[in-house]
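Trainee: Structure in structure tokens, see below.
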Amino acid sequence: MVEYIEPGSWNSRAVIHNNVVYLSGVVADDKTLSMAGQTEQVLKKIDNVLKEAGSDKSKILSAVVYLADMNLKDEMNQVWMSWTDTAHLPARAAVGVDLTPGTLVEIMVQAAI
């Protein structure tokens, strides 16, 4: 069985299959924030989607962090490390990419349920 969380016109917020939840890329709502501020907003949104799916950050299996400016990676990492469950660190990659204007960070995660 496949379950879709918040299906939209071109994607779902998340998809659940075989006790794994796959989140779409999550971005901040407030594009005027710094890298740290956007990262905090994104991680709060991820917490909410994981909760809705019956999971939490301690069960994240992998994450991909897309950064508009790799020079700001350390700023993102500080927020990430204060948020993440350090006893259960997921596999993670951080990649520099072109994002939509104003978006500094987009994060995609997969987590066990």
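Going through the structure tokens in order, the chains are called A, B, and so on, while each chain numbers its residues from 1 and the ligands are numbered from 1 in the order shown.
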Quick one: DSSP strand (DSSP E) residues in chain A, as a PyMOL selection string?
Mentor: chain A and resi 2-7+12-17+20-23+26-27+60-67+91-96+105-112
Trainee: I need the residues from that last selection saved to file as an mmCIF file, in the first residue's frame (with C-alpha atoms), if you can.
Mentor:
```
data_model
loop_
_atom_site.group_PDB
_atom_site.id
_atom_site.type_symbol
_atom_site.label_atom_id
_atom_site.label_comp_id
_atom_site.auth_asym_id
_atom_site.auth_seq_id
_atom_site.Cartn_x
_atom_site.Cartn_y
_atom_site.Cartn_z
ATOM 1 C CA VAL A 2 1.151 3.534 -0.778
ATOM 2 C CA GLU A 3 -0.085 6.517 1.253
ATOM 3 C CA TYR A 4 0.196 10.110 0.039
ATOM 4 C CA ILE A 5 0.483 12.994 2.520
ATOM 5 C CA GLU A 6 -0.802 16.352 1.300
ATOM 6 C CA PRO A 7 -0.989 15.493 -2.402
ATOM 7 C CA SER A 12 2.930 15.153 -2.523
ATOM 8 C CA ARG A 13 4.453 16.549 0.676
ATOM 9 C CA ALA A 14 5.453 12.951 1.448
ATOM 10 C CA VAL A 15 4.813 9.383 0.348
ATOM 11 C CA ILE A 16 4.756 6.352 2.637
ATOM 12 C CA HIS A 17 5.609 2.852 1.413
ATOM 13 C CA VAL A 20 9.409 4.369 5.043
ATOM 14 C CA VAL A 21 8.312 7.970 4.549
ATOM 15 C CA TYR A 22 9.845 9.877 1.639
ATOM 16 C CA LEU A 23 9.591 13.655 1.949
ATOM 17 C CA VAL A 26 11.229 21.239 1.927
ATOM 18 C CA VAL A 27 11.980 24.965 1.695
ATOM 19 C CA ILE A 60 15.756 9.638 9.512
ATOM 20 C CA LEU A 61 17.652 7.235 7.285
ATOM 21 C CA SER A 62 19.084 9.686 4.783
ATOM 22 C CA ALA A 63 18.992 13.352 3.891
ATOM 23 C CA VAL A 64 20.038 15.494 0.966
ATOM 24 C CA VAL A 65 20.640 19.178 1.658
ATOM 25 C CA TYR A 66 20.587 21.441 -1.387
ATOM 26 C CA LEU A 67 22.410 24.739 -0.876
ATOM 27 C CA ALA A 91 23.434 9.344 5.985
ATOM 28 C CA ARG A 92 23.603 12.850 4.479
ATOM 29 C CA ALA A 93 24.891 14.766 1.495
ATOM 30 C CA ALA A 94 25.070 18.522 0.967
ATOM 31 C CA VAL A 95 25.057 19.682 -2.638
ATOM 32 C CA GLY A 96 25.449 23.127 -4.184
ATOM 33 C CA VAL A 105 18.328 25.717 1.393
ATOM 34 C CA GLU A 106 16.076 22.807 0.452
ATOM 35 C CA ILE A 107 16.158 19.528 2.380
ATOM 36 C CA MET A 108 14.820 16.103 1.428
ATOM 37 C CA VAL A 109 14.695 13.215 3.911
ATOM 38 C CA GLN A 110 13.627 9.604 4.090
ATOM 39 C CA ALA A 111 12.721 8.108 7.452
ATOM 40 C CA ALA A 112 11.603 4.821 8.947
#
```
Trainee: For Thr39 in chain A, find every residue with an atom within 9 Å (counting only C-alpha atoms), except residues of its own chain fewer than 2 positions away, and show them as a PyMOL selection string.
Mentor: chain A and resi 27-28+34-37+41-44+75-76+79-80+104-107
Trainee: Mind listing the helix (DSSP H, G or I) residues of chain A, per DSSP on the backbone, as a count of residues only?
Mentor: 39
Trainee: For Asp85 in chain A, which residue out of A:Ala53, A:Asp69, A:Asp47, A:Asn11 is the nearest one, using only C-alpha atoms?
Mentor: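 Looking only at the distances to Asp85 in chain A, the closest residue turns out to be A:Asp47.
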Trainee: Give the answer as one residue: which of A:Asn19, A:Ser24, A:Leu33, A:Thr84 has the shortest atom-to-atom distance to Val49 in chain A, using only C-alpha atoms?
Mentor: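 Smallest distance to Val49 in chain A is found for A:Ser24.
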Trainee: So how many Å separate CA of Thr86 in chain A and CA of Ser58 in chain A, to one decimal?
Mentor: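 Straight-line distance from CA of Thr86 in chain A to CA of Ser58 in chain A works out to 8.5 Å.
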Trainee: So what do you get for CA of Asn77 in chain A versus CA of Glu40 in chain A, distance-wise?
Mentor: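 Computing it gives 10.8 Å between the two atoms.
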Trainee: For a quick check of understanding, using only C-alpha atoms, which of A:Met70, A:Ile113, A:Met81, A:Leu99 has the smallest distance to Glu52 in chain A?
Mentor: A:Ile113
Trainee: Can you measure CA of Asp29 in chain A to CA of Ala68 in chain A for me? One decimal in Å is fine.
Mentor: 15.6 Å
